[in-house]
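S.K.: Have a look at this one.
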Amino acid sequence: MNGAEVVKKFEEAFARHLGVKYAVAVANGTAALHAALYAAGISHKDEVILSPLAHPQVAHAVRYLDGVPIYTDIDPRTGCLDPEQIRWRISDKTKAIIASHYSGRPCDLEAMSKVLEGREIVLLEDASQTLGGVYKGKKIGSISPLTVFDFSYPQGVYTELGGVVTTHSEEYYRWLTLFRDTGMMFKLEDLVKKEGPWHFEAQEIGYNYRMTSMQADMGISQLQRADEMQERRREIARIYYEALKGTEELLPPPLPENHEPAWYSFPVLLQGEKVIAARRKIVEKLLAQGIKADVQYYPIYLHPIYLWQGHPDVCTIEGPLCPRAEEYYQRVINLPICPDMDRNRVNRAANALKELIGLIGG
């Protein structure tokens, strides 16, 4: 089996796993975002609505295509894009919405779809932290026109680098594969000219975003244990909920309703000015104890490159661009969830956080 055949085998296995028609494997998660936005037709000055609480690569992918990121505020409990905030950000230039599932919790896709009814706007899911997530009985990756996955650590399927775009659309599938394969067309029936058996054509300005056979082979192996790893993540989340119960200064994520998060991490919101002000010190002390706490994400539009580029929103909106997102960022601590964590390690992380909170509160 040659390299291309191994990648194809992984794509087919991934599509079966999610119950989607097509899966297109690419070199990494950023490439997946770039390819998906290209397939959605994003180009010069097209507006793309997105959450500021996402990796900067989400906005980068919009800018690669000369699109305009339109930062839109979040649900203050979940960290996910708020469908009602989307409604007033839509303009006649809006071509797509990127629904980033914060820390593996699915966005309210049904509400978003209702907002988009009758509009030619593509809903694209950023599921880079959400392999294994379920929304209203359907696996994430099998719902929207385009969904993007990332396989870097600590995803449910890890290939060091690598990503996938899923879709039910044959048209999107053709654009995705053409873009990933440097814009080259090789099949005889797709060629404009018939020069001979050696002939292939450059029909688009694509990129060499191909996944390697080694990455695909790792993916095939790990996909066999993906459900088992996801169940372990659910169990770790249950332990955190129990261990943090009754600590007034800590607000755990809302319990899932009609969906199942992938539990990329366990985001906890700090409560009380004194505790919030000590957030950096708390995270530093957790890290010093070997507990891989994190903070996700610094709002994209506050990163230097986006401040330097500027955007009309900065001048037309008084105060913070997305106040809920900025407040959420100031309050959140993401506790680690990894399938190899046993109960003792999970409780140790929770108890260390509670102990630090107690010292500050005292």
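Convention: chains lettered A, B, ... in structure tokens order; per-chain residue numbering from 1; ligands numbered from 1 as shown.
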Find the spatial neighbours of Ala54 (chain A), counting only C-alpha atoms, within a cut-off of 9 Å - ignore same-chain residues fewer than 3 positions away - and output them as a PyMOL selection string.
M.R.: chain A and resi 50-51+57-59+100-102+296-300
S.K.: For the residues selected in the previous step, produce a file with N, CA and C atoms as a PDB file, in the first residue's frame.
M.R.:
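Heads up, here's the output in again-v8.pdb:
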ATOM      1  N   LEU A  50     -16.660  35.073  13.958  1.00  0.00           N
ATOM      2  CA  LEU A  50     -15.963  34.084  14.772  1.00  0.00           C
ATOM      3  C   LEU A  50     -15.869  34.550  16.214  1.00  0.00           C
ATOM      4  N   SER A  51     -15.592  33.616  17.095  1.00  0.00           N
ATOM      5  CA  SER A  51     -15.398  33.930  18.509  1.00  0.00           C
ATOM      6  C   SER A  51     -13.972  34.395  18.748  1.00  0.00           C
ATOM      7  N   GLN A  57      -4.998  30.953  15.069  1.00  0.00           N
ATOM      8  CA  GLN A  57      -4.973  30.359  13.736  1.00  0.00           C
ATOM      9  C   GLN A  57      -6.340  30.452  13.054  1.00  0.00           C
ATOM     10  N   VAL A  58      -7.419  30.567  13.840  1.00  0.00           N
ATOM     11  CA  VAL A  58      -8.753  30.676  13.249  1.00  0.00           C
ATOM     12  C   VAL A  58      -8.859  31.979  12.458  1.00  0.00           C
ATOM     13  N   ALA A  59      -8.434  33.082  13.074  1.00  0.00           N
ATOM     14  CA  ALA A  59      -8.443  34.363  12.364  1.00  0.00           C
ATOM     15  C   ALA A  59      -7.385  34.390  11.262  1.00  0.00           C
ATOM     16  N   SER A 100     -16.495  27.909  16.951  1.00  0.00           N
ATOM     17  CA  SER A 100     -15.425  27.225  17.692  1.00  0.00           C
ATOM     18  C   SER A 100     -16.009  26.627  18.963  1.00  0.00           C
ATOM     19  N   HIS A 101     -15.911  25.324  19.098  1.00  0.00           N
ATOM     20  CA  HIS A 101     -16.444  24.642  20.274  1.00  0.00           C
ATOM     21  C   HIS A 101     -15.433  24.795  21.410  1.00  0.00           C
ATOM     22  N   TYR A 102     -15.709  25.710  22.325  1.00  0.00           N
ATOM     23  CA  TYR A 102     -14.736  26.064  23.350  1.00  0.00           C
ATOM     24  C   TYR A 102     -14.460  24.880  24.282  1.00  0.00           C
ATOM     25  N   GLN A 296      -7.276  29.506  28.401  1.00  0.00           N
ATOM     26  CA  GLN A 296      -7.641  29.618  26.987  1.00  0.00           C
ATOM     27  C   GLN A 296      -8.888  30.486  26.870  1.00  0.00           C
ATOM     28  N   TYR A 297      -8.880  31.446  25.992  1.00  0.00           N
ATOM     29  CA  TYR A 297      -7.777  31.949  25.183  1.00  0.00           C
ATOM     30  C   TYR A 297      -7.680  33.449  25.383  1.00  0.00           C
ATOM     31  N   TYR A 298      -6.489  33.995  25.186  1.00  0.00           N
ATOM     32  CA  TYR A 298      -6.343  35.440  25.093  1.00  0.00           C
ATOM     33  C   TYR A 298      -7.121  35.885  23.858  1.00  0.00           C
ATOM     34  N   PRO A 299      -8.084  36.819  24.002  1.00  0.00           N
ATOM     35  CA  PRO A 299      -8.917  37.195  22.847  1.00  0.00           C
ATOM     36  C   PRO A 299      -8.074  37.531  21.616  1.00  0.00           C
ATOM     37  N   ILE A 300      -8.456  36.945  20.485  1.00  0.00           N
ATOM     38  CA  ILE A 300      -7.638  37.031  19.272  1.00  0.00           C
ATOM     39  C   ILE A 300      -7.322  38.484  18.915  1.00  0.00           C
TER      40      ILE A 300
END
S.K.: Would you list the contacts of Tyr240 (chain A) as a VMD selection string, taking every protein, DNA or RNA residue within 9 Å and counting only C-alpha atoms, but skipping same-chain residues closer than 3 positions in sequence?
M.R.: chain A and resid 235 to 237 243 to 245 252 266 335 346 to 347 349 to 350
S.K.: Dump C-alpha atoms for the selected residues as a PDB file, in the first residue's frame?
M.R.:
ATOM      1  CA  GLU A 235     -15.125  10.084  33.717  1.00  0.00           C
ATOM      2  CA  ILE A 236     -12.402  12.651  34.522  1.00  0.00           C
ATOM      3  CA  ALA A 237     -14.930  15.471  34.082  1.00  0.00           C
ATOM      4  CA  ALA A 243     -14.269  17.266  43.774  1.00  0.00           C
ATOM      5  CA  LEU A 244     -15.019  20.976  43.196  1.00  0.00           C
ATOM      6  CA  LYS A 245     -18.576  20.854  44.515  1.00  0.00           C
ATOM      7  CA  PRO A 252     -17.567  24.733  37.076  1.00  0.00           C
ATOM      8  CA  PHE A 266     -12.252  21.420  32.322  1.00  0.00           C
ATOM      9  CA  LEU A 335      -7.801  22.191  34.357  1.00  0.00           C
ATOM     10  CA  VAL A 346      -7.522  14.368  38.976  1.00  0.00           C
ATOM     11  CA  ASN A 347      -8.317  14.807  42.669  1.00  0.00           C
ATOM     12  CA  ALA A 349      -5.385  18.866  40.629  1.00  0.00           C
ATOM     13  CA  ALA A 350      -8.798  19.772  42.067  1.00  0.00           C
TER      14      ALA A 350
END
S.K.: I'd like to know which of A:Ile49, A:Leu353, A:Leu146, A:Val283 is closest to Asp73 (chain A), using only C-alpha atoms.
M.R.: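 Going through A:Ile49, A:Leu353, A:Leu146, A:Val283 one by one, the smallest distance to Asp73 (chain A) is for A:Ile49.
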S.K.: Report as a count of residues only all protein, DNA and RNA residues lying within 8 Å of region 150-154 of chain A, evaluated on only C-alpha atoms, omitting residues in the same chain fewer than 6 positions from it.
M.R.: 13
S.K.: Could you jot down the CA of Arg174 (chain A) to CA of His17 (chain A) separation for me, Å, one decimal place?
M.R.: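 A separation of 20.9 Å between them.
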S.K.: So, with only C-alpha atoms as the atoms that count, which of A:Pro197, A:Gly358, A:Pro336, A:Pro69 lies closest to Tyr301 (chain A)?
M.R.: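 Ranking A:Pro197, A:Gly358, A:Pro336, A:Pro69 by distance to Tyr301 (chain A), first place goes to A:Pro69.
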S.K.: Choose the residue, out of A:Ile86, A:Ile357, A:Leu123, A:Leu302, that has the smallest atom-to-atom separation from Pro320 (chain A); count only C-alpha atoms.
M.R.: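 The shortest atom-to-atom distance to Pro320 (chain A) comes from A:Leu302.
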S.K.: Between CA of Gln222 (chain A) and CA of Asp340 (chain A), what is the spacing in Å?
M.R.: 14.2 Å
S.K.: Using DSSP assignments from the backbone, pull out every residue in region 144-314 of chain A that falls under alpha helix (DSSP H) and give it to me as a ChimeraX atom specification.
M.R.: /A:170-180,213-223,226-244,273-277,279-288,304-309,312-314
S.K.: Nearest to Gly141 (chain A): which of A:Gly183, A:Tyr158, A:Leu359, A:Ala15 is it, counting only C-alpha atoms?
M.R.: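 Closest to Gly141 (chain A), using only C-alpha atoms: A:Ala15.
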S.K.: Could you tell me how far CA of Asn208 (chain A) lies from CA of Met184 (chain A), in Å and to one decimal?
M.R.: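 CA of Asn208 (chain A) sits 10.0 Å away from CA of Met184 (chain A).
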S.K.: Would you mind writing down, as a compact mmCIF listing (two decimals) with all heavy atoms, in the first residue's frame, each residue of region 133-248 of chain A that DSSP on the backbone assigns to strand (DSSP E)?
M.R.:
# COMPACT_ATOMS: atom_id res chain seq x y z
N VAL A 134 -20.73 15.22 21.05
CA VAL A 134 -22.04 14.85 20.49
C VAL A 134 -23.01 15.99 20.74
O VAL A 134 -23.05 16.56 21.84
CB VAL A 134 -22.57 13.56 21.15
CG1 VAL A 134 -23.97 13.21 20.61
CG2 VAL A 134 -21.61 12.40 20.93
N TYR A 135 -23.77 16.35 19.70
CA TYR A 135 -24.78 17.40 19.82
C TYR A 135 -26.14 16.83 19.42
O TYR A 135 -26.33 16.42 18.27
CB TYR A 135 -24.43 18.59 18.92
CG TYR A 135 -25.43 19.73 18.97
CD1 TYR A 135 -25.43 20.63 20.02
CD2 TYR A 135 -26.39 19.87 17.97
CE1 TYR A 135 -26.35 21.66 20.07
CE2 TYR A 135 -27.31 20.90 18.01
CZ TYR A 135 -27.29 21.80 19.07
OH TYR A 135 -28.22 22.82 19.12
N LYS A 138 -26.12 13.54 17.61
CA LYS A 138 -25.30 13.44 16.40
C LYS A 138 -23.84 13.76 16.74
O LYS A 138 -23.56 14.71 17.47
CB LYS A 138 -25.80 14.39 15.31
CG LYS A 138 -27.19 14.06 14.80
CD LYS A 138 -27.59 15.03 13.70
CE LYS A 138 -28.97 14.71 13.15
NZ LYS A 138 -29.37 15.67 12.08
N LYS A 139 -22.93 12.99 16.17
CA LYS A 139 -21.52 13.23 16.42
C LYS A 139 -21.07 14.53 15.76
O LYS A 139 -21.45 14.81 14.61
CB LYS A 139 -20.67 12.07 15.89
CG LYS A 139 -20.81 10.78 16.70
CD LYS A 139 -19.85 9.72 16.19
CE LYS A 139 -19.93 8.46 17.05
NZ LYS A 139 -18.97 7.43 16.58
N LEU A 146 -19.38 22.03 6.86
CA LEU A 146 -17.94 21.82 6.96
C LEU A 146 -17.54 21.78 8.43
O LEU A 146 -17.98 22.63 9.22
CB LEU A 146 -17.17 22.95 6.26
CG LEU A 146 -17.29 23.03 4.73
CD1 LEU A 146 -16.97 24.43 4.25
CD2 LEU A 146 -16.37 22.01 4.07
N THR A 147 -16.70 20.82 8.80
CA THR A 147 -16.20 20.74 10.18
C THR A 147 -14.71 20.44 10.14
O THR A 147 -14.25 19.60 9.36
CB THR A 147 -16.92 19.64 10.98
OG1 THR A 147 -18.33 19.88 10.95
CG2 THR A 147 -16.46 19.65 12.43
N VAL A 148 -13.97 21.12 11.00
CA VAL A 148 -12.51 21.04 11.02
C VAL A 148 -12.04 20.36 12.30
O VAL A 148 -12.49 20.70 13.39
CB VAL A 148 -11.91 22.46 10.92
CG1 VAL A 148 -10.43 22.45 11.22
CG2 VAL A 148 -12.18 23.06 9.55
N PHE A 149 -11.11 19.41 12.16
CA PHE A 149 -10.50 18.73 13.30
C PHE A 149 -8.98 18.91 13.27
O PHE A 149 -8.39 19.13 12.21
CB PHE A 149 -10.82 17.23 13.28
CG PHE A 149 -12.26 16.91 13.51
CD1 PHE A 149 -13.14 16.78 12.44
CD2 PHE A 149 -12.75 16.74 14.80
CE1 PHE A 149 -14.47 16.49 12.65
CE2 PHE A 149 -14.09 16.45 15.02
CZ PHE A 149 -14.95 16.33 13.94
N ASP A 150 -8.39 18.80 14.45
CA ASP A 150 -6.94 18.95 14.61
C ASP A 150 -6.44 17.73 15.40
O ASP A 150 -7.10 17.29 16.34
CB ASP A 150 -6.65 20.24 15.37
CG ASP A 150 -5.17 20.46 15.62
OD1 ASP A 150 -4.62 19.86 16.56
OD2 ASP A 150 -4.57 21.26 14.88
N GLY A 163 -4.68 17.10 10.42
CA GLY A 163 -6.04 17.57 10.58
C GLY A 163 -6.94 16.95 9.54
O GLY A 163 -6.48 16.25 8.63
N VAL A 164 -8.23 17.20 9.68
CA VAL A 164 -9.23 16.68 8.76
C VAL A 164 -10.35 17.70 8.60
O VAL A 164 -10.69 18.40 9.56
CB VAL A 164 -9.80 15.33 9.26
CG1 VAL A 164 -11.21 15.08 8.74
CG2 VAL A 164 -8.91 14.16 8.85
N VAL A 165 -10.92 17.77 7.41
CA VAL A 165 -12.16 18.50 7.17
C VAL A 165 -13.22 17.48 6.77
O VAL A 165 -12.97 16.65 5.89
CB VAL A 165 -12.02 19.55 6.05
CG1 VAL A 165 -13.31 20.38 5.96
CG2 VAL A 165 -10.82 20.46 6.30
N THR A 166 -14.38 17.51 7.43
CA THR A 166 -15.46 16.61 7.08
C THR A 166 -16.60 17.37 6.41
O THR A 166 -16.84 18.54 6.70
CB THR A 166 -16.01 15.87 8.31
OG1 THR A 166 -16.51 16.82 9.26
CG2 THR A 166 -14.93 15.01 8.95
N THR A 167 -17.30 16.67 5.53
CA THR A 167 -18.44 17.27 4.81
C THR A 167 -19.30 16.17 4.21
O THR A 167 -18.82 15.07 3.94
CB THR A 167 -17.94 18.22 3.70
OG1 THR A 167 -19.07 18.84 3.07
CG2 THR A 167 -17.14 17.48 2.65
N MET A 184 -3.65 20.87 -8.26
CA MET A 184 -3.38 20.05 -9.44
C MET A 184 -4.50 19.04 -9.68
O MET A 184 -5.01 18.43 -8.74
CB MET A 184 -2.06 19.29 -9.29
CG MET A 184 -0.86 20.17 -9.06
SD MET A 184 -0.54 21.28 -10.44
CE MET A 184 0.73 22.33 -9.72
N MET A 185 -4.85 18.86 -10.93
CA MET A 185 -5.85 17.88 -11.32
C MET A 185 -5.17 16.78 -12.14
O MET A 185 -4.44 17.07 -13.09
CB MET A 185 -6.95 18.54 -12.15
CG MET A 185 -8.17 17.66 -12.34
SD MET A 185 -9.02 17.29 -10.78
CE MET A 185 -9.85 18.85 -10.46
N GLU A 201 -2.81 19.00 -14.71
CA GLU A 201 -3.04 20.44 -14.87
C GLU A 201 -3.13 21.16 -13.54
O GLU A 201 -3.69 20.65 -12.56
CB GLU A 201 -4.37 20.67 -15.63
CG GLU A 201 -4.32 20.23 -17.07
CD GLU A 201 -5.66 20.37 -17.77
OE1 GLU A 201 -6.68 20.59 -17.06
OE2 GLU A 201 -5.69 20.26 -19.00
N ALA A 202 -2.59 22.39 -13.53
CA ALA A 202 -2.80 23.30 -12.41
C ALA A 202 -4.09 24.07 -12.68
O ALA A 202 -4.14 24.90 -13.58
CB ALA A 202 -1.62 24.26 -12.27
S.K.: Please provide as a PDB file with all heavy atoms, in the first residue's frame all residues within 7 Å of Met229 (chain A), with the sequence filter that same-chain residues fewer than 3 positions apart are discarded (counting only C-alpha atoms).
M.R.:
ATOM      1  N   GLY A 156      -8.139  13.409  20.952  1.00  0.00           N
ATOM      2  CA  GLY A 156      -8.535  12.007  21.051  1.00  0.00           C
ATOM      3  C   GLY A 156      -7.809  11.133  20.048  1.00  0.00           C
ATOM      4  O   GLY A 156      -7.561   9.954  20.296  1.00  0.00           O
ATOM      5  N   ARG A 225      -9.266   3.326  19.248  1.00  0.00           N
ATOM      6  CA  ARG A 225      -9.468   3.514  20.697  1.00  0.00           C
ATOM      7  C   ARG A 225     -10.124   4.852  21.021  1.00  0.00           C
ATOM      8  O   ARG A 225     -10.218   5.228  22.187  1.00  0.00           O
ATOM      9  CB  ARG A 225      -8.115   3.430  21.413  1.00  0.00           C
ATOM     10  CG  ARG A 225      -7.384   2.106  21.261  1.00  0.00           C
ATOM     11  CD  ARG A 225      -6.153   2.090  22.153  1.00  0.00           C
ATOM     12  NE  ARG A 225      -6.508   2.222  23.557  1.00  0.00           N
ATOM     13  CZ  ARG A 225      -5.665   2.661  24.509  1.00  0.00           C
ATOM     14  NH1 ARG A 225      -4.431   3.024  24.187  1.00  0.00           N
ATOM     15  NH2 ARG A 225      -6.046   2.748  25.757  1.00  0.00           N
ATOM     16  N   ALA A 226     -10.598   5.551  20.004  1.00  0.00           N
ATOM     17  CA  ALA A 226     -11.119   6.908  20.225  1.00  0.00           C
ATOM     18  C   ALA A 226     -12.312   6.916  21.171  1.00  0.00           C
ATOM     19  O   ALA A 226     -12.412   7.773  22.062  1.00  0.00           O
ATOM     20  CB  ALA A 226     -11.487   7.553  18.895  1.00  0.00           C
ATOM     21  N   ARG A 232     -13.133   7.877  28.891  1.00  0.00           N
ATOM     22  CA  ARG A 232     -12.231   8.210  30.008  1.00  0.00           C
ATOM     23  C   ARG A 232     -12.266   9.709  30.296  1.00  0.00           C
ATOM     24  O   ARG A 232     -12.259  10.127  31.455  1.00  0.00           O
ATOM     25  CB  ARG A 232     -10.800   7.756  29.656  1.00  0.00           C
ATOM     26  CG  ARG A 232      -9.793   8.005  30.749  1.00  0.00           C
ATOM     27  CD  ARG A 232     -10.138   7.267  32.019  1.00  0.00           C
ATOM     28  NE  ARG A 232      -9.362   7.759  33.153  1.00  0.00           N
ATOM     29  CZ  ARG A 232      -9.821   7.881  34.388  1.00  0.00           C
ATOM     30  NH1 ARG A 232     -11.062   7.537  34.673  1.00  0.00           N
ATOM     31  NH2 ARG A 232      -9.056   8.333  35.353  1.00  0.00           N
ATOM     32  N   ARG A 233     -12.340  10.544  29.273  1.00  0.00           N
ATOM     33  CA  ARG A 233     -12.433  11.987  29.468  1.00  0.00           C
ATOM     34  C   ARG A 233     -13.729  12.346  30.209  1.00  0.00           C
ATOM     35  O   ARG A 233     -13.737  13.231  31.076  1.00  0.00           O
ATOM     36  CB  ARG A 233     -12.377  12.709  28.119  1.00  0.00           C
ATOM     37  CG  ARG A 233     -11.007  12.719  27.463  1.00  0.00           C
ATOM     38  CD  ARG A 233     -11.064  13.364  26.082  1.00  0.00           C
ATOM     39  NE  ARG A 233      -9.781  13.332  25.424  1.00  0.00           N
ATOM     40  CZ  ARG A 233      -8.843  14.266  25.535  1.00  0.00           C
ATOM     41  NH1 ARG A 233      -9.054  15.333  26.290  1.00  0.00           N
ATOM     42  NH2 ARG A 233      -7.694  14.157  24.895  1.00  0.00           N
ATOM     43  N   PRO A 339      -6.630  11.276  29.007  1.00  0.00           N
ATOM     44  CA  PRO A 339      -7.111   9.923  29.313  1.00  0.00           C
ATOM     45  C   PRO A 339      -6.212   9.130  30.256  1.00  0.00           C
ATOM     46  O   PRO A 339      -6.688   8.218  30.932  1.00  0.00           O
ATOM     47  CB  PRO A 339      -7.179   9.255  27.933  1.00  0.00           C
ATOM     48  CG  PRO A 339      -7.410  10.385  26.995  1.00  0.00           C
ATOM     49  CD  PRO A 339      -6.616  11.530  27.561  1.00  0.00           C
TER      50      PRO A 339
END
